[in-house]
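Novice: Just dropping this structure here.
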Amino acid sequence: MTLEASAPATSSRRSQRLAGVRSGELGSVHSWELVTAVDGPGTRLTVFLAGCPLRCLYCHNPDMLEMKDGEPVTAEQILARVRRYLPVFRATGGGLTLSGGEVLMQPAFAARLLRGAKELGVHTALDTSGFLGANVTDRMLADTDLVLLDVKSGDPDTYRRVTGGELAPTLAFGRRLARAGLAGAHAPEVWARFVLVPDLTDDADNVERVAAYVAELNEIRPGTVTRVEVLPFHQMGRYKWAALGRTYELEATQPPSAELTERVRNQFRAHGLRTY
């Protein structure tokens, strides 16, 4: 085949791929795994979508920050796996969790997966920073049973230092989740998550701001946040940074002590939040 003949074929394939991305039938997926007691209730099929707009200093998945870090996968391929595990989900109260990277980098694909899962009667969860919460449609919220909302900081300057991004979009998304059920419509349950990093996010005032914000969501709509998870920083992703040839700024940071972790959890509990 000549170059002249192959060019139209390549262009056609590219056009078909873009059409699939726009429709949500095709996405960039880094990996998936079947896990229990992580990323939501019961046994979950957690799908990691590639791409993230933030650059968290402690990111343990730096190998999926770009869309090109994933492989093209159709929504039907993922939903076929969901069907395969239906008996497991029903027995354990589990379901499908979309994670990343940042799942909301691919909103059309996420929406297609959520809709397909709900058509199968499967519990659905979104694991997100909320930074791209504006990409979530009302239809997506209606198809989501649980949002794992990662509130990385309560102080805008600290948030910027941790992620390179702005805090405001996350706060706005959380408040939208709280208001979603005020008119009697379906609203996702929220589990708030906070990564505790010594000398980065552990300042008592920063933690207090996060706790007060999470408590505010329950003031907007009682029962919005049913669980808070304080996640101690770890070094398990450090080898990925080295393998990618990237500088890991938290090389010398140690995991928080049990005493510090309990202090932070107690700050959340003081606001009446069920905290782990």
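Order determines the names: the first chain of the structure tokens is A, the second B, and so forth; residues in each chain are numbered 1 upward, and ligands are numbered 1 upward as they are shown.
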May I have all residues of stretch 53-250 of chain A that DSSP, computed from the backbone, assigns to strand (DSSP E or B), given as a count of residues only?

Specialist: 37

Novice: Tell me, which residues of stretch 78-130 of chain A carry DSSP helix (DSSP H, G or I), written as a PyMOL selection string?

Specialist: chain A and resi 78-84+86-92+103-105+107-119

Novice: Near stretch 40-56 of chain A, within 7 Å and counting only C-alpha atoms, which residues show up once chain neighbours fewer than 2 positions away are dropped, as a ChimeraX atom specification?

Specialist: /A:28-38,58-59,64-67,69-70,89,92-103,105,125,162-165

Novice: Using only N, CA and C atoms, please write the residues we just selected to a file, as an mmCIF file, in the first residue's frame.

Specialist:
data_model
loop_
_atom_site.group_PDB
_atom_site.id
_atom_site.type_symbol
_atom_site.label_atom_id
_atom_site.label_comp_id
_atom_site.auth_asym_id
_atom_site.auth_seq_id
_atom_site.Cartn_x
_atom_site.Cartn_y
_atom_site.Cartn_z
ATOM 1 N N SER A 28 -9.658 5.729 27.809
ATOM 2 C CA SER A 28 -8.268 5.362 28.058
ATOM 3 C C SER A 28 -8.186 4.792 29.463
ATOM 4 N N VAL A 29 -7.898 3.508 29.565
ATOM 5 C CA VAL A 29 -7.908 2.795 30.842
ATOM 6 C C VAL A 29 -6.506 2.286 31.159
ATOM 7 N N HIS A 30 -6.056 2.596 32.357
ATOM 8 C CA HIS A 30 -4.727 2.135 32.776
ATOM 9 C C HIS A 30 -4.769 0.685 33.245
ATOM 10 N N SER A 31 -5.753 0.351 34.086
ATOM 11 C CA SER A 31 -5.833 -0.993 34.655
ATOM 12 C C SER A 31 -7.142 -1.147 35.396
ATOM 13 N N TRP A 32 -7.388 -2.346 35.875
ATOM 14 C CA TRP A 32 -8.524 -2.602 36.750
ATOM 15 C C TRP A 32 -8.169 -3.736 37.693
ATOM 16 N N GLU A 33 -8.874 -3.792 38.814
ATOM 17 C CA GLU A 33 -8.617 -4.851 39.782
ATOM 18 C C GLU A 33 -9.873 -5.138 40.579
ATOM 19 N N LEU A 34 -9.966 -6.351 41.085
ATOM 20 C CA LEU A 34 -11.077 -6.764 41.939
ATOM 21 C C LEU A 34 -10.575 -6.722 43.375
ATOM 22 N N VAL A 35 -11.177 -5.852 44.192
ATOM 23 C CA VAL A 35 -10.691 -5.640 45.552
ATOM 24 C C VAL A 35 -11.858 -5.682 46.530
ATOM 25 N N THR A 36 -11.535 -5.958 47.786
ATOM 26 C CA THR A 36 -12.539 -6.012 48.846
ATOM 27 C C THR A 36 -12.190 -5.017 49.946
ATOM 28 N N ALA A 37 -13.210 -4.330 50.438
ATOM 29 C CA ALA A 37 -13.072 -3.381 51.561
ATOM 30 C C ALA A 37 -12.207 -2.178 51.203
ATOM 31 N N VAL A 38 -12.086 -1.879 49.913
ATOM 32 C CA VAL A 38 -11.366 -0.705 49.446
ATOM 33 C C VAL A 38 -12.221 -0.053 48.350
ATOM 34 N N TYR A 58 2.371 13.549 46.627
ATOM 35 C CA TYR A 58 2.396 12.188 47.169
ATOM 36 C C TYR A 58 1.689 11.174 46.263
ATOM 37 N N CYS A 59 1.418 11.539 45.037
ATOM 38 C CA CYS A 59 0.675 10.652 44.138
ATOM 39 C C CYS A 59 1.300 9.251 44.100
ATOM 40 N N MET A 64 -0.105 7.045 35.667
ATOM 41 C CA MET A 64 -1.355 7.198 34.934
ATOM 42 C C MET A 64 -1.817 8.657 34.904
ATOM 43 N N LEU A 65 -0.878 9.583 34.921
ATOM 44 C CA LEU A 65 -1.216 11.000 34.937
ATOM 45 C C LEU A 65 -1.614 11.532 33.566
ATOM 46 N N GLU A 66 -1.167 10.886 32.506
ATOM 47 C CA GLU A 66 -1.471 11.342 31.144
ATOM 48 C C GLU A 66 -2.442 10.371 30.481
ATOM 49 N N MET A 67 -3.273 10.904 29.588
ATOM 50 C CA MET A 67 -4.216 10.041 28.873
ATOM 51 C C MET A 67 -3.486 8.945 28.098
ATOM 52 N N ASP A 69 -1.091 7.312 29.022
ATOM 53 C CA ASP A 69 -0.618 6.248 29.911
ATOM 54 C C ASP A 69 -1.574 5.058 29.940
ATOM 55 N N GLY A 70 -2.752 5.227 29.346
ATOM 56 C CA GLY A 70 -3.717 4.134 29.315
ATOM 57 C C GLY A 70 -3.788 3.475 27.958
ATOM 58 N N PHE A 89 -20.875 -9.340 43.274
ATOM 59 C CA PHE A 89 -21.406 -8.063 43.741
ATOM 60 C C PHE A 89 -22.670 -8.266 44.574
ATOM 61 N N THR A 92 -21.843 -9.733 48.058
ATOM 62 C CA THR A 92 -21.054 -8.908 48.990
ATOM 63 C C THR A 92 -21.565 -7.478 49.140
ATOM 64 N N GLY A 93 -22.538 -7.085 48.318
ATOM 65 C CA GLY A 93 -22.980 -5.699 48.341
ATOM 66 C C GLY A 93 -21.987 -4.778 47.676
ATOM 67 N N GLY A 94 -21.197 -5.326 46.762
ATOM 68 C CA GLY A 94 -20.173 -4.549 46.087
ATOM 69 C C GLY A 94 -20.653 -3.933 44.799
ATOM 70 N N GLY A 95 -19.699 -3.616 43.910
ATOM 71 C CA GLY A 95 -20.085 -2.998 42.656
ATOM 72 C C GLY A 95 -18.902 -2.446 41.890
ATOM 73 N N LEU A 96 -19.174 -1.421 41.093
ATOM 74 C CA LEU A 96 -18.186 -0.813 40.205
ATOM 75 C C LEU A 96 -17.706 0.517 40.780
ATOM 76 N N THR A 97 -16.379 0.693 40.861
ATOM 77 C CA THR A 97 -15.791 1.966 41.263
ATOM 78 C C THR A 97 -14.926 2.481 40.126
ATOM 79 N N LEU A 98 -15.152 3.728 39.732
ATOM 80 C CA LEU A 98 -14.333 4.376 38.718
ATOM 81 C C LEU A 98 -13.337 5.279 39.416
ATOM 82 N N SER A 99 -12.050 5.052 39.130
ATOM 83 C CA SER A 99 -10.987 5.777 39.811
ATOM 84 C C SER A 99 -9.960 6.218 38.779
ATOM 85 N N GLY A 100 -8.778 6.613 39.244
ATOM 86 C CA GLY A 100 -7.761 7.072 38.314
ATOM 87 C C GLY A 100 -6.407 7.145 38.987
ATOM 88 N N GLY A 101 -5.576 8.028 38.428
ATOM 89 C CA GLY A 101 -5.845 9.214 37.683
ATOM 90 C C GLY A 101 -7.031 9.986 38.266
ATOM 91 N N GLU A 102 -7.667 10.709 37.380
ATOM 92 C CA GLU A 102 -8.886 11.429 37.725
ATOM 93 C C GLU A 102 -9.966 11.036 36.733
ATOM 94 N N VAL A 103 -10.953 10.307 37.234
ATOM 95 C CA VAL A 103 -11.988 9.745 36.374
ATOM 96 C C VAL A 103 -12.717 10.823 35.580
ATOM 97 N N MET A 105 -11.629 13.289 34.051
ATOM 98 C CA MET A 105 -10.946 13.690 32.820
ATOM 99 C C MET A 105 -11.662 13.071 31.615
ATOM 100 N N ALA A 125 -19.690 3.754 42.189
ATOM 101 C CA ALA A 125 -18.941 4.733 42.979
ATOM 102 C C ALA A 125 -17.971 5.491 42.090
ATOM 103 N N VAL A 162 0.283 21.205 47.466
ATOM 104 C CA VAL A 162 0.152 19.750 47.373
ATOM 105 C C VAL A 162 -0.132 19.301 45.948
ATOM 106 N N THR A 163 -1.007 20.031 45.243
ATOM 107 C CA THR A 163 -1.547 19.543 43.971
ATOM 108 C C THR A 163 -1.165 20.349 42.746
ATOM 109 N N GLY A 164 -0.783 21.611 42.944
ATOM 110 C CA GLY A 164 -0.571 22.497 41.807
ATOM 111 C C GLY A 164 -1.862 23.087 41.276
ATOM 112 N N GLY A 165 -2.983 22.773 41.923
ATOM 113 C CA GLY A 165 -4.285 23.264 41.478
ATOM 114 C C GLY A 165 -4.963 24.116 42.530
#

Novice: Listing only residues of stretch 167-230 of chain A within 8 Å of stretch 243-260 of chain A, what is the closest atom pair and its distance in Å (to one decimal) for each, using only C-alpha atoms, sorted by chain and residue number ascending, as CSV?

Specialist:
residue,atom,partner,partner_atom,distance
A:Leu196,CA,A:Pro256,CA,7.2
A:Val197,CA,A:Pro256,CA,6.7
A:Pro198,CA,A:Pro256,CA,5.8

Novice: Hey, can you check how far atom CA of A:Asp150 sits from atom CA of A:Arg193?

Specialist: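 Taking atom CA of A:Asp150 and atom CA of A:Arg193, their separation equals 4.6 Å.
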
Novice: Using only C-alpha atoms, which protein or nucleic acid residues come within 12 Å of stretch 138-144 of chain A? Drop anything in the same chain fewer than 5 positions from it, and give the result as a PyMOL selection string.

Specialist: chain A and resi 95-98+104+107-127+133+173+176-181+184-190

Novice: How would the residues just picked look written out with N, CA and C atoms as a compact mmCIF listing (two decimals), in the first residue's frame?

Specialist:
# COMPACT_ATOMS: atom_id res chain seq x y z
N GLY A 95 -19.70 -3.62 43.91
CA GLY A 95 -20.08 -3.00 42.66
C GLY A 95 -18.90 -2.45 41.89
N LEU A 96 -19.17 -1.42 41.09
CA LEU A 96 -18.19 -0.81 40.21
C LEU A 96 -17.71 0.52 40.78
N THR A 97 -16.38 0.69 40.86
CA THR A 97 -15.79 1.97 41.26
C THR A 97 -14.93 2.48 40.13
N LEU A 98 -15.15 3.73 39.73
CA LEU A 98 -14.33 4.38 38.72
C LEU A 98 -13.34 5.28 39.42
N LEU A 104 -12.84 12.03 36.14
CA LEU A 104 -13.61 13.07 35.47
C LEU A 104 -12.85 13.75 34.34
N PRO A 107 -15.32 12.32 31.19
CA PRO A 107 -16.70 12.30 31.69
C PRO A 107 -17.68 11.50 30.82
N ALA A 108 -17.52 11.54 29.50
CA ALA A 108 -18.46 10.80 28.64
C ALA A 108 -18.30 9.29 28.85
N PHE A 109 -17.06 8.84 28.95
CA PHE A 109 -16.80 7.42 29.18
C PHE A 109 -17.30 7.00 30.56
N ALA A 110 -17.03 7.83 31.57
CA ALA A 110 -17.52 7.54 32.92
C ALA A 110 -19.03 7.47 32.94
N ALA A 111 -19.69 8.41 32.25
CA ALA A 111 -21.15 8.42 32.22
C ALA A 111 -21.69 7.14 31.59
N ARG A 112 -21.05 6.69 30.52
CA ARG A 112 -21.51 5.46 29.85
C ARG A 112 -21.35 4.26 30.77
N LEU A 113 -20.25 4.18 31.51
CA LEU A 113 -20.04 3.06 32.41
C LEU A 113 -21.03 3.09 33.58
N LEU A 114 -21.27 4.26 34.13
CA LEU A 114 -22.22 4.39 35.23
C LEU A 114 -23.62 3.98 34.80
N ARG A 115 -24.04 4.45 33.62
CA ARG A 115 -25.37 4.11 33.11
C ARG A 115 -25.48 2.61 32.88
N GLY A 116 -24.45 2.05 32.26
CA GLY A 116 -24.49 0.61 31.99
C GLY A 116 -24.53 -0.21 33.26
N ALA A 117 -23.78 0.20 34.27
CA ALA A 117 -23.77 -0.53 35.53
C ALA A 117 -25.13 -0.44 36.21
N LYS A 118 -25.73 0.74 36.20
CA LYS A 118 -27.04 0.88 36.84
C LYS A 118 -28.10 0.07 36.12
N GLU A 119 -28.00 -0.04 34.80
CA GLU A 119 -28.93 -0.88 34.05
C GLU A 119 -28.81 -2.35 34.45
N LEU A 120 -27.63 -2.72 34.96
CA LEU A 120 -27.41 -4.09 35.45
C LEU A 120 -27.76 -4.22 36.93
N GLY A 121 -28.16 -3.14 37.56
CA GLY A 121 -28.51 -3.18 38.97
C GLY A 121 -27.30 -3.19 39.89
N VAL A 122 -26.19 -2.61 39.44
CA VAL A 122 -24.93 -2.66 40.19
C VAL A 122 -24.69 -1.33 40.91
N HIS A 123 -24.22 -1.43 42.15
CA HIS A 123 -23.84 -0.26 42.94
C HIS A 123 -22.65 0.42 42.27
N THR A 124 -22.68 1.77 42.20
CA THR A 124 -21.64 2.51 41.50
C THR A 124 -20.98 3.53 42.42
N ALA A 125 -19.69 3.75 42.19
CA ALA A 125 -18.94 4.73 42.98
C ALA A 125 -17.97 5.49 42.09
N LEU A 126 -17.81 6.79 42.40
CA LEU A 126 -16.82 7.64 41.75
C LEU A 126 -15.76 8.02 42.76
N ASP A 127 -14.51 7.74 42.47
CA ASP A 127 -13.39 8.14 43.32
C ASP A 127 -12.76 9.34 42.66
N GLY A 133 -15.27 18.57 39.03
CA GLY A 133 -16.67 18.29 39.33
C GLY A 133 -17.64 18.95 38.37
N PHE A 173 -17.95 21.31 44.30
CA PHE A 173 -18.52 20.01 43.94
C PHE A 173 -19.13 19.33 45.15
N ARG A 176 -22.37 20.86 45.91
CA ARG A 176 -23.37 20.43 44.93
C ARG A 176 -23.92 19.04 45.28
N LEU A 177 -23.04 18.15 45.71
CA LEU A 177 -23.49 16.82 46.12
C LEU A 177 -24.45 16.91 47.30
N ALA A 178 -24.15 17.78 48.24
CA ALA A 178 -25.02 17.94 49.41
C ALA A 178 -26.38 18.50 49.02
N ARG A 179 -26.39 19.44 48.09
CA ARG A 179 -27.66 20.07 47.70
C ARG A 179 -28.47 19.19 46.77
N ALA A 180 -27.82 18.20 46.15
CA ALA A 180 -28.49 17.39 45.14
C ALA A 180 -29.74 16.70 45.65
N GLY A 181 -29.75 16.32 46.92
CA GLY A 181 -30.90 15.58 47.44
C GLY A 181 -31.93 16.43 48.14
N GLY A 184 -35.53 16.07 47.02
CA GLY A 184 -36.07 14.71 47.03
C GLY A 184 -35.52 13.81 45.95
N ALA A 185 -34.66 14.35 45.08
CA ALA A 185 -34.07 13.53 44.02
C ALA A 185 -32.97 12.65 44.60
N HIS A 186 -32.56 11.65 43.82
CA HIS A 186 -31.46 10.79 44.25
C HIS A 186 -30.20 11.61 44.41
N ALA A 187 -29.47 11.37 45.47
CA ALA A 187 -28.17 12.02 45.68
C ALA A 187 -27.19 10.97 46.17
N PRO A 188 -25.96 11.01 45.67
CA PRO A 188 -24.98 10.02 46.10
C PRO A 188 -24.62 10.17 47.57
N GLU A 189 -24.35 9.05 48.20
CA GLU A 189 -23.70 9.05 49.51
C GLU A 189 -22.27 9.53 49.32
N VAL A 190 -21.70 10.19 50.32
CA VAL A 190 -20.32 10.69 50.21
C VAL A 190 -19.46 10.10 51.32

Novice: Work out how far apart atom CA of A:Val151 and atom CA of A:Val210 are and give it in Å to one decimal.

Specialist: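 Value for the atom CA of A:Val151-atom CA of A:Val210 distance: 7.1 Å.
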
Novice: Near A:Leu273, counting only C-alpha atoms, which residues have an atom at most 9 Å away, once you skip same-chain residues fewer than 4 positions from it, shown as number ranges by chain?

Specialist: A: 211, 214-215, 225-228, 268-269

Novice: Quick one: distance from atom CA of A:Ala168 to atom CA of A:Gly154 in Å, one decimal?

Specialist: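 These two atoms are separated by 9.8 Å.
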
Novice: Could you tell me which of A:Thr275, A:Thr224, A:Asn135, A:Ser153 comes closest to A:Thr201 if we count only C-alpha atoms?

Specialist: A:Ser153
